[in-house]
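Enquirer: One structure is given below, represented as structure tokens, and several questions about it will come after.
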Amino acid sequence: MFGAYHAGAWKALAPRFAPDAVVGASVGSLNGWMISGGIESGQLIERWLSAQAAGKIAFHPPAHWRAGLLSVPFLEEWIREMHGHFTPRVPFGVVLTRLRPFGPVLARAPDVTWRHLASSCAVPALFPHYRLQGALYTDGGLVQALPLWAAAEFGCGRAIAIHCLPTLPFPGGRMASKLMRAVSRHDFSTAAEMSVLTIAPAEPLGGLRDFLRWKRDCIERCIERGFLDAEAAIAAQPEFFPGTASSAGARMLAERS
């Protein structure tokens, strides 16, 4: 659902600028990997329209909590294929959440494997979790959904941010987000001076069933919503696109799951 929204937004953005760096968290890491690898906007949309296999999931009793409640072998295969098919042409980073010590971590290409991407998408309790160099990781958007701090790590002073989940979708979600940021003890202030154009859903993208199940009509609707919201954001802040797609200035595409 969020991945399709990103694809629609990229359809509006791609003709207007080329990112100097790309950062993604959660499903944004998948789109970010492909965008940094030069995928055309139409091809990105087609990948989400044809993702039925990756969307086939089933509940199962896990042998361990790290395995998650959902059986997603097709999703893992999809991520492996995606990782192998594209190679970043611009600096790329993926944000993961390390469980011990708790906090967000930025992994940079070329040291990003398919497991880094899968770990960034590992929604707690639902999807499998992975160990990387001895540490266990979970969803990259858990502490902060929009990884602008990671954009600052690349030295970018301007960011185009696709933000699908301003707060966690349950009662007390805003307070929970603040608590996790406090526990992580991570310094997010590095992005305070950054100039940001934010693209966010003007209306809810869907419910829990839409989040868990692939349906073409939902995917099409999210793609269209992403395109329209991006067009509206571009019209509201045209100063972000003063020239051609290769205009000067450090720009960043920061994406969320």
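Ordering of the structure tokens sets the chain letters (A, B, ...), residue numbers begin anew at 1 in every chain, and ligands are numbered from 1 in the order given.
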Considering only C-alpha atoms, return as a VMD selection string whatever protein or nucleic-acid residues lie within 6 Å of range 180-195 of chain A, sequence-local ones (same chain, fewer than 2 positions apart) excluded.
Expert: chain A and resid 102 to 103 143 148 to 149 152 157 to 158 177 to 178
Enquirer: Can you list, as a JSON list (two decimals) with N, CA, C and O atoms, in the first residue's frame, every protein, DNA or RNA residue that comes within 6 Å of Ser26 in chain A when you count only C-alpha atoms, leaving out same-chain residues fewer than 3 positions away?
Expert:
```json
[["chain", "number", "residue", "atom", "x", "y", "z"],
["A", 29, "SER", "N", 12.71, 1.59, 1.53],
["A", 29, "SER", "CA", 14.04, 1.10, 1.18],
["A", 29, "SER", "C", 14.00, 0.31, -0.13],
["A", 29, "SER", "O", 14.96, 0.33, -0.91],
["A", 120, "SER", "N", 14.74, -3.92, 7.03],
["A", 120, "SER", "CA", 14.12, -2.61, 7.14],
["A", 120, "SER", "C", 12.61, -2.69, 7.01],
["A", 120, "SER", "O", 11.88, -1.83, 7.50],
["A", 121, "CYS", "N", 12.12, -3.76, 6.33],
["A", 121, "CYS", "CA", 10.68, -3.95, 6.13],
["A", 121, "CYS", "C", 10.06, -4.87, 7.17],
["A", 121, "CYS", "O", 8.87, -5.20, 7.08],
["A", 139, "ASP", "N", 12.01, -3.22, 11.75],
["A", 139, "ASP", "CA", 11.53, -2.19, 10.83],
["A", 139, "ASP", "C", 12.30, -0.87, 10.94],
["A", 139, "ASP", "O", 12.42, -0.31, 12.04],
["A", 140, "GLY", "N", 12.78, -0.38, 9.80],
["A", 140, "GLY", "CA", 13.57, 0.84, 9.79],
["A", 140, "GLY", "C", 12.81, 2.09, 10.14],
["A", 140, "GLY", "O", 13.41, 3.12, 10.49],
["A", 141, "GLY", "N", 11.48, 2.04, 10.04],
["A", 141, "GLY", "CA", 10.68, 3.22, 10.37],
["A", 141, "GLY", "C", 10.12, 3.21, 11.76],
["A", 141, "GLY", "O", 9.30, 4.06, 12.10],
["A", 257, "SER", "N", 8.23, 3.83, 4.51],
["A", 257, "SER", "CA", 7.28, 2.78, 4.52],
["A", 257, "SER", "C", 6.13, 3.15, 5.30],
["A", 257, "SER", "O", 6.25, 3.82, 6.26]]
```
Enquirer: Mind listing the strand (DSSP E or B) residues of range 6-133 of chain A, per DSSP on the backbone, as a PyMOL selection string?
Expert: chain A and resi 21-25+58-59+70-71+92-99+102-108+130-132
Enquirer: Could you name the residues that touch His85 in chain A at 10 Å or less, counting only C-alpha atoms, but leaving out those on the same chain fewer than 5 positions away, as a list in words?
Expert: Met34, Gly37, Ile79 and Arg80 of chain A
Enquirer: Go ahead and compute the interatomic distance for CA of Pro91 in chain A and CA of Ala135 in chain A, in Å to one decimal.
Expert: 24.0 Å
Enquirer: In terms of the shortest atom-to-atom distance over only C-alpha atoms, which of A:Glu224, A:Asp20, A:Glu239, A:Glu81 is closest to Gly8 in chain A?
Expert: A:Glu224
Enquirer: Choose the residue, out of A:Trp48, A:Phe211, A:Trp10, A:Trp33, that has the smallest atom-to-atom separation from Gly84 in chain A; count only C-alpha atoms.
Expert: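 Of all the options, A:Trp33 lies closest to Gly84 in chain A.
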